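Student: What follows is model.cif, made up of mmCIF, C-alpha atoms and all ligand atoms; chains and numbers go by the auth columns:
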```
data_final
#
loop_
_atom_site.group_PDB
_atom_site.id
_atom_site.type_symbol
_atom_site.label_atom_id
_atom_site.label_comp_id
_atom_site.label_asym_id
_atom_site.label_seq_id
_atom_site.Cartn_x
_atom_site.Cartn_y
_atom_site.Cartn_z
_atom_site.B_iso_or_equiv
_atom_site.auth_seq_id
_atom_site.auth_asym_id
ATOM 1 C CA MET A 1 -39.914 -11.266 128.408 0.00 1 A
ATOM 2 C CA THR A 2 -36.177 -10.963 129.037 0.00 2 A
ATOM 3 C CA VAL A 3 -35.118 -8.442 131.660 0.00 3 A
ATOM 4 C CA LEU A 4 -31.648 -7.046 131.026 0.00 4 A
ATOM 5 C CA GLN A 5 -29.366 -7.236 133.998 0.00 5 A
ATOM 6 C CA GLU A 6 -28.269 -3.850 135.345 0.00 6 A
ATOM 7 C CA ILE A 7 -25.211 -3.275 137.564 0.00 7 A
ATOM 8 C CA ASP A 8 -24.563 0.107 139.207 0.00 8 A
ATOM 9 C CA LEU A 9 -20.882 1.048 138.718 0.00 9 A
ATOM 10 C CA GLY A 10 -21.181 4.135 140.919 0.00 10 A
ATOM 11 C CA SER A 11 -21.614 7.854 140.496 0.00 11 A
ATOM 12 C CA ALA A 12 -20.209 9.204 137.210 0.00 12 A
ATOM 13 C CA ASP A 13 -18.555 11.962 139.266 0.00 13 A
ATOM 14 C CA SER A 14 -16.574 9.375 141.221 0.00 14 A
ATOM 15 C CA PHE A 15 -14.439 8.524 138.165 0.00 15 A
ATOM 16 C CA ALA A 16 -11.717 11.126 137.666 0.00 16 A
ATOM 17 C CA ALA A 17 -9.837 9.573 134.736 0.00 17 A
ATOM 18 C CA PHE A 18 -10.344 6.800 132.210 0.00 18 A
ATOM 19 C CA PRO A 19 -9.818 3.957 131.519 0.00 19 A
ATOM 20 C CA VAL A 20 -10.739 2.536 134.919 0.00 20 A
ATOM 21 C CA GLU A 21 -10.242 -1.106 135.863 0.00 21 A
ATOM 22 C CA VAL A 22 -13.593 -2.678 136.827 0.00 22 A
ATOM 23 C CA THR A 23 -14.391 -6.263 137.797 0.00 23 A
ATOM 24 C CA LEU A 24 -17.954 -7.465 137.280 0.00 24 A
ATOM 25 C CA GLU A 25 -19.014 -11.000 138.081 0.00 25 A
ATOM 26 C CA HIS A 26 -15.341 -12.075 138.384 0.00 26 A
ATOM 27 C CA THR A 27 -14.621 -10.718 134.893 0.00 27 A
ATOM 28 C CA PRO A 28 -12.138 -7.864 134.288 0.00 28 A
ATOM 29 C CA TYR A 29 -13.080 -4.848 132.159 0.00 29 A
ATOM 30 C CA TRP A 30 -11.762 -1.402 131.341 0.00 30 A
ATOM 31 C CA LEU A 31 -14.399 1.288 131.767 0.00 31 A
ATOM 32 C CA VAL A 32 -13.793 3.872 129.036 0.00 32 A
ATOM 33 C CA ARG A 33 -15.307 7.234 128.114 0.00 33 A
ATOM 34 C CA THR A 34 -15.531 8.074 124.429 0.00 34 A
ATOM 35 C CA SER A 35 -14.815 11.475 122.906 0.00 35 A
ATOM 36 C CA GLU A 36 -18.620 11.786 122.470 0.00 36 A
ATOM 37 C CA GLY A 37 -19.023 11.427 126.237 0.00 37 A
ATOM 38 C CA GLU A 38 -20.446 7.903 126.140 0.00 38 A
ATOM 39 C CA TYR A 39 -19.272 5.130 128.424 0.00 39 A
ATOM 40 C CA ARG A 40 -18.659 1.450 127.763 0.00 40 A
ATOM 41 C CA LEU A 41 -16.940 -1.506 129.339 0.00 41 A
ATOM 42 C CA LEU A 42 -14.287 -3.227 127.227 0.00 42 A
ATOM 43 C CA LEU A 43 -13.405 -6.768 128.209 0.00 43 A
ATOM 44 C CA ALA A 44 -9.817 -6.870 129.518 0.00 44 A
ATOM 45 C CA ILE A 45 -9.161 -10.289 127.965 0.00 45 A
ATOM 46 C CA CYS A 46 -7.486 -10.437 124.570 0.00 46 A
ATOM 47 C CA PRO A 47 -9.508 -12.129 121.782 0.00 47 A
ATOM 48 C CA HIS A 48 -6.287 -13.564 120.338 0.00 48 A
ATOM 49 C CA ALA A 49 -5.191 -15.942 123.100 0.00 49 A
ATOM 50 C CA GLY A 50 -6.518 -14.549 126.358 0.00 50 A
ATOM 51 C CA GLY A 51 -3.786 -12.077 127.292 0.00 51 A
ATOM 52 C CA GLU A 52 -4.413 -9.450 129.975 0.00 52 A
ATOM 53 C CA ILE A 53 -5.336 -6.164 128.294 0.00 53 A
ATOM 54 C CA ARG A 54 -3.904 -2.990 129.820 0.00 54 A
ATOM 55 C CA PRO A 55 -3.695 0.690 128.896 0.00 55 A
ATOM 56 C CA MET A 56 -0.587 1.973 127.133 0.00 56 A
ATOM 57 C CA ASN A 57 -0.448 5.613 126.054 0.00 57 A
ATOM 58 C CA ASP A 58 -3.660 6.196 124.042 0.00 58 A
ATOM 59 C CA VAL A 59 -4.478 2.544 123.300 0.00 59 A
ATOM 60 C CA LEU A 60 -5.234 -0.707 125.073 0.00 60 A
ATOM 61 C CA PHE A 61 -2.435 -3.217 124.716 0.00 61 A
ATOM 62 C CA CYS A 62 -1.908 -6.965 125.066 0.00 62 A
ATOM 63 C CA PRO A 63 1.592 -7.846 126.288 0.00 63 A
ATOM 64 C CA LEU A 64 1.498 -11.444 125.005 0.00 64 A
ATOM 65 C CA HIS A 65 1.799 -10.781 121.257 0.00 65 A
ATOM 66 C CA PHE A 66 1.544 -6.983 121.222 0.00 66 A
ATOM 67 C CA TRP A 67 -1.881 -6.495 119.669 0.00 67 A
ATOM 68 C CA THR A 68 -3.268 -3.016 120.328 0.00 68 A
ATOM 69 C CA PHE A 69 -6.883 -1.875 120.527 0.00 69 A
ATOM 70 C CA ASN A 70 -8.716 1.408 120.130 0.00 70 A
ATOM 71 C CA ALA A 71 -9.317 2.625 123.687 0.00 71 A
ATOM 72 C CA GLU A 72 -12.817 3.962 122.886 0.00 72 A
ATOM 73 C CA ASN A 73 -14.450 1.141 120.931 0.00 73 A
ATOM 74 C CA GLY A 74 -12.143 -1.853 121.347 0.00 74 A
ATOM 75 C CA THR A 75 -11.398 -2.429 117.647 0.00 75 A
ATOM 76 C CA CYS A 76 -8.107 -4.193 117.032 0.00 76 A
ATOM 77 C CA LEU A 77 -5.492 -2.053 115.310 0.00 77 A
ATOM 78 C CA ASN A 78 -3.596 -5.135 114.065 0.00 78 A
ATOM 79 C CA ASP A 79 -6.543 -7.046 112.609 0.00 79 A
ATOM 80 C CA PRO A 80 -9.755 -5.167 111.718 0.00 80 A
ATOM 81 C CA ASP A 81 -11.779 -8.381 112.066 0.00 81 A
ATOM 82 C CA GLU A 82 -10.947 -8.595 115.778 0.00 82 A
ATOM 83 C CA ARG A 83 -12.189 -6.485 118.684 0.00 83 A
ATOM 84 C CA LEU A 84 -12.564 -6.566 122.445 0.00 84 A
ATOM 85 C CA MET A 85 -15.917 -7.789 123.669 0.00 85 A
ATOM 86 C CA GLN A 86 -17.867 -4.990 125.297 0.00 86 A
ATOM 87 C CA ARG A 87 -20.736 -4.249 127.594 0.00 87 A
ATOM 88 C CA LYS A 88 -23.153 -1.367 127.277 0.00 88 A
ATOM 89 C CA VAL A 89 -23.102 1.392 129.922 0.00 89 A
ATOM 90 C CA VAL A 90 -25.843 3.979 130.347 0.00 90 A
ATOM 91 C CA VAL A 91 -26.121 6.971 132.665 0.00 91 A
ATOM 92 C CA LYS A 92 -29.139 6.984 134.977 0.00 92 A
ATOM 93 C CA GLU A 93 -29.598 9.707 137.562 0.00 93 A
ATOM 94 C CA GLY A 94 -25.857 10.437 137.505 0.00 94 A
ATOM 95 C CA HIS A 95 -24.817 6.812 137.932 0.00 95 A
ATOM 96 C CA LEU A 96 -23.071 4.592 135.398 0.00 96 A
ATOM 97 C CA ILE A 97 -25.086 1.426 134.872 0.00 97 A
ATOM 98 C CA ALA A 98 -23.795 -1.649 133.020 0.00 98 A
ATOM 99 C CA VAL A 99 -26.677 -3.136 131.057 0.00 99 A
ATOM 100 C CA GLY A 100 -26.882 -6.697 129.794 0.00 100 A
ATOM 101 C CA ASP A 101 -24.055 -9.134 129.104 0.00 101 A
ATOM 102 C CA HIS A 102 -21.003 -8.490 126.967 0.00 102 A
ATOM 103 C CA TYR A 103 -21.262 -8.906 123.199 0.00 103 A
HETATM 104 S S1 LIG B . -3.039 -13.022 123.436 0.00 1 B
HETATM 105 FE FE1 LIG B . -3.175 -10.914 123.052 0.00 1 B
HETATM 106 S S2 LIG B . -2.014 -10.598 121.274 0.00 1 B
HETATM 107 FE FE2 LIG B . -1.938 -12.741 121.598 0.00 1 B
#
```
So, in terms of C-alpha cells, how does the structure I just supplied come out?
Tutor:
Amino acid sequence: MTVLQEIDLGSADSFAAFPVEVTLEHTPYWLVRTSEGEYRLLLAICPHAGGEIRPMNDVLFCPLHFWTFNAENGTCLNDPDERLMQRKVVVKEGHLIAVGDHY
C-alpha cells in the first residue's frame, strides 16, 4: 500500500493573501486559493523552458518568453495544451496540508 506524503504548510489563518511563495523539498511553488475556496500548489517553474514563474496582476507570468498562466488552476493562456504542474492541498483541522507529489 502506498502512503501519500503529507506536508503541513501551516494554519490556514496564517495566510493573509494569495498567491504565497512556498518552497517544499527544495522546489518552489505558488500556494493559491481558488474562487471556490480550495487551495493548491502550482509549481513555480515554467513548463516551456524552466523560467521562474511569478505573479503579475491576476495571472502567473514567466518573464523568459512571456507565457501567462491562470492563477487558480495553472492552465497556460498561450497554449491550452500546457499547464503548471500542481500539488494537491487539503484542509485538516484548520491547517493546509500538501498531499502527494506534483502531477
Ligand atoms: S520558459 Fe517560460 S515562457 Fe519560455
Student: Please, what distance in Å, to one decimal, runs between CA of Leu42 (chain A) and CA of Trp30 (chain A)?
Tutor: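 Interatomic distance here is 5.2 Å.
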Student: Taking the file as shown, find all residues satisfying the PyMOL selection byres (((chain A and resi 85) around 8) and not hetatm) and write them as a list of chain:residue names.
Tutor: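 For this structure, the PyMOL selection byres (((chain A and resi 85) around 8) and not hetatm) captures A:Leu42, A:Leu43, A:Pro47, A:Gly74, A:Arg83, A:Leu84, A:Gln86, A:Arg87, A:His102, A:Tyr103.
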Student: So which residues get picked by the PyMOL selection byres (((chain A and resi 13) around 10) and not hetatm) here, written as a JSON list (two decimals) with C-alpha atoms, in the coordinates of the input?
Tutor:
```json
[["chain", "number", "residue", "atom", "x", "y", "z"],
["A", 10, "GLY", "CA", -21.18, 4.14, 140.92],
["A", 11, "SER", "CA", -21.61, 7.85, 140.50],
["A", 12, "ALA", "CA", -20.21, 9.20, 137.21],
["A", 14, "SER", "CA", -16.57, 9.38, 141.22],
["A", 15, "PHE", "CA", -14.44, 8.52, 138.16],
["A", 16, "ALA", "CA", -11.72, 11.13, 137.67],
["A", 94, "GLY", "CA", -25.86, 10.44, 137.50],
["A", 95, "HIS", "CA", -24.82, 6.81, 137.93],
["A", 96, "LEU", "CA", -23.07, 4.59, 135.40]]
```
Student: So what do you get for CA of Glu6 (chain A) versus CA of Val32 (chain A), distance-wise?
Tutor: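 CA of Glu6 (chain A) sits 17.6 Å away from CA of Val32 (chain A).
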Student: For this file, the PyMOL selection byres (((chain A and resi 39) around 8) and not hetatm) selects which residues, as JSON, numbers by chain?
Tutor: {"A": [31, 32, 33, 34, 37, 38, 40, 41, 88, 89, 90, 96]}
Student: Using all atoms listed in the file, what does the table of chain A residues within 9 Å of ligand LIG 1 (chain B) look like, with each row giving the shortest atom pair and its distance in Å to one decimal, sorted by chain and ascending number, as a Markdown table?
Tutor:
```
| residue | atom | partner | partner_atom | distance |
| --- | --- | --- | --- | --- |
| A:Ile45 | CA | B:LIG1 | FE1 | 7.8 |
| A:Cys46 | CA | B:LIG1 | FE1 | 4.6 |
| A:Pro47 | CA | B:LIG1 | FE1 | 6.6 |
| A:His48 | CA | B:LIG1 | S1 | 4.5 |
| A:Ala49 | CA | B:LIG1 | S1 | 3.6 |
| A:Gly50 | CA | B:LIG1 | S1 | 4.8 |
| A:Gly51 | CA | B:LIG1 | S1 | 4.0 |
| A:Glu52 | CA | B:LIG1 | FE1 | 7.2 |
| A:Ile53 | CA | B:LIG1 | FE1 | 7.4 |
| A:Phe61 | CA | B:LIG1 | FE1 | 7.9 |
| A:Cys62 | CA | B:LIG1 | FE1 | 4.6 |
| A:Pro63 | CA | B:LIG1 | FE1 | 6.5 |
| A:Leu64 | CA | B:LIG1 | FE2 | 5.0 |
| A:His65 | CA | B:LIG1 | S2 | 3.8 |
| A:Phe66 | CA | B:LIG1 | S2 | 5.1 |
| A:Trp67 | CA | B:LIG1 | S2 | 4.4 |
| A:Thr68 | CA | B:LIG1 | S2 | 7.7 |
```
Student: Which distance in Å separates CA of Leu4 (chain A) and CA of Ala98 (chain A), to one decimal?
Tutor: 9.7 Å
Student: Which is closer to Ala44 (chain A) than all the others in A:Val22, A:Val91, A:Cys76, A:Ala17, using all atoms listed in the file?
Tutor: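 Checking each candidate against Ala44 (chain A), we get A:Val22 as the closest.
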Student: So, with all atoms listed in the file as the atoms that count, which of A:Val20, A:Leu77, A:Ala71, A:Val99 lies closest to Met56 (chain A)?
Tutor: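 Comparing A:Val20, A:Leu77, A:Ala71, A:Val99 against Met56 (chain A), the winner is A:Ala71.
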Student: Let me make sure I understand: among A:Leu24, A:Pro19, A:Asp79, A:Leu60, which one has the smallest atom-to-atom distance to Ile7 (chain A) if we use all atoms listed in the file?
Tutor: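 Checking each of A:Leu24, A:Pro19, A:Asp79, A:Leu60 against Ile7 (chain A), counting all atoms listed in the file, the winner is A:Leu24.
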Student: Would you please work out which residue, of A:Asp58, A:Glu82, A:Glu36, A:Glu25, is nearest to Asp101 (chain A) when using all atoms listed in the file?
Tutor: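 Closest to Asp101 (chain A), using all atoms listed in the file: A:Glu25.
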Student: Which of these residues is nearest to Glu72 (chain A), using only C-alpha atoms: A:Gly100, A:Tyr29, A:Leu9, A:Val59?
Tutor: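 Smallest distance to Glu72 (chain A) is found for A:Val59.
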Student: Provide region 16-46 of chain A rebuilt to N, CA and C atoms, formatted as a tab-separated table (two decimals), keeping the file's coordinate frame.
Tutor:
```tsv
chain	number	residue	atom	x	y	z
A	16	ALA	N	-12.45	9.92	138.04
A	16	ALA	CA	-11.72	11.13	137.67
A	16	ALA	C	-11.04	10.98	136.30
A	17	ALA	N	-10.59	9.78	135.98
A	17	ALA	CA	-9.84	9.57	134.74
A	17	ALA	C	-10.15	8.19	134.18
A	18	PHE	N	-10.04	8.07	132.88
A	18	PHE	CA	-10.34	6.80	132.21
A	18	PHE	C	-9.13	6.35	131.41
A	19	PRO	N	-8.94	5.06	131.13
A	19	PRO	CA	-9.82	3.96	131.52
A	19	PRO	C	-9.66	3.58	132.99
A	20	VAL	N	-10.71	2.97	133.53
A	20	VAL	CA	-10.74	2.54	134.92
A	20	VAL	C	-10.93	1.01	134.94
A	21	GLU	N	-10.12	0.35	135.74
A	21	GLU	CA	-10.24	-1.11	135.86
A	21	GLU	C	-11.48	-1.45	136.69
A	22	VAL	N	-12.35	-2.30	136.15
A	22	VAL	CA	-13.59	-2.68	136.83
A	22	VAL	C	-13.74	-4.20	136.74
A	23	THR	N	-14.12	-4.83	137.83
A	23	THR	CA	-14.39	-6.26	137.80
A	23	THR	C	-15.87	-6.47	138.06
A	24	LEU	N	-16.53	-7.14	137.12
A	24	LEU	CA	-17.95	-7.46	137.28
A	24	LEU	C	-18.12	-8.97	137.16
A	25	GLU	N	-18.76	-9.56	138.12
A	25	GLU	CA	-19.01	-11.00	138.08
A	25	GLU	C	-17.72	-11.77	137.80
A	26	HIS	N	-16.66	-11.41	138.48
A	26	HIS	CA	-15.34	-12.08	138.38
A	26	HIS	C	-14.69	-11.90	137.01
A	27	THR	N	-15.16	-10.94	136.23
A	27	THR	CA	-14.62	-10.72	134.89
A	27	THR	C	-14.03	-9.31	134.82
A	28	PRO	N	-12.78	-9.18	134.32
A	28	PRO	CA	-12.14	-7.86	134.29
A	28	PRO	C	-12.53	-7.06	133.04
A	29	TYR	N	-12.76	-5.78	133.25
A	29	TYR	CA	-13.08	-4.85	132.16
A	29	TYR	C	-12.28	-3.57	132.35
A	30	TRP	N	-12.19	-2.80	131.26
A	30	TRP	CA	-11.76	-1.40	131.34
A	30	TRP	C	-12.99	-0.54	131.04
A	31	LEU	N	-13.33	0.32	131.99
A	31	LEU	CA	-14.40	1.29	131.77
A	31	LEU	C	-13.79	2.46	131.02
A	32	VAL	N	-14.34	2.78	129.84
A	32	VAL	CA	-13.79	3.87	129.04
A	32	VAL	C	-14.87	4.92	128.79
A	33	ARG	N	-14.42	6.13	128.46
A	33	ARG	CA	-15.31	7.23	128.11
A	33	ARG	C	-14.90	7.68	126.72
A	34	THR	N	-15.85	7.71	125.81
A	34	THR	CA	-15.53	8.07	124.43
A	34	THR	C	-15.45	9.59	124.29
A	35	SER	N	-14.91	10.03	123.14
A	35	SER	CA	-14.82	11.48	122.91
A	35	SER	C	-16.20	12.10	122.77
A	36	GLU	N	-17.24	11.28	122.51
A	36	GLU	CA	-18.62	11.79	122.47
A	36	GLU	C	-19.25	11.81	123.86
A	37	GLY	N	-18.50	11.40	124.88
A	37	GLY	CA	-19.02	11.43	126.24
A	37	GLY	C	-19.84	10.21	126.62
A	38	GLU	N	-19.75	9.15	125.79
A	38	GLU	CA	-20.45	7.90	126.14
A	38	GLU	C	-19.49	6.99	126.90
A	39	TYR	N	-20.07	6.06	127.64
A	39	TYR	CA	-19.27	5.13	128.42
A	39	TYR	C	-19.50	3.72	127.90
A	40	ARG	N	-18.47	2.88	128.05
A	40	ARG	CA	-18.66	1.45	127.76
A	40	ARG	C	-17.60	0.67	128.53
A	41	LEU	N	-17.90	-0.60	128.71
A	41	LEU	CA	-16.94	-1.51	129.34
A	41	LEU	C	-16.32	-2.36	128.25
A	42	LEU	N	-15.00	-2.38	128.18
A	42	LEU	CA	-14.29	-3.23	127.23
A	42	LEU	C	-13.67	-4.38	128.00
A	43	LEU	N	-13.93	-5.58	127.53
A	43	LEU	CA	-13.40	-6.77	128.21
A	43	LEU	C	-11.88	-6.73	128.22
A	44	ALA	N	-11.28	-6.97	129.38
A	44	ALA	CA	-9.82	-6.87	129.52
A	44	ALA	C	-9.13	-8.20	129.22
A	45	ILE	N	-9.74	-8.99	128.35
A	45	ILE	CA	-9.16	-10.29	127.96
A	45	ILE	C	-9.00	-10.28	126.44
A	46	CYS	N	-7.79	-10.54	126.00
A	46	CYS	CA	-7.49	-10.44	124.57
A	46	CYS	C	-8.20	-11.52	123.76
```
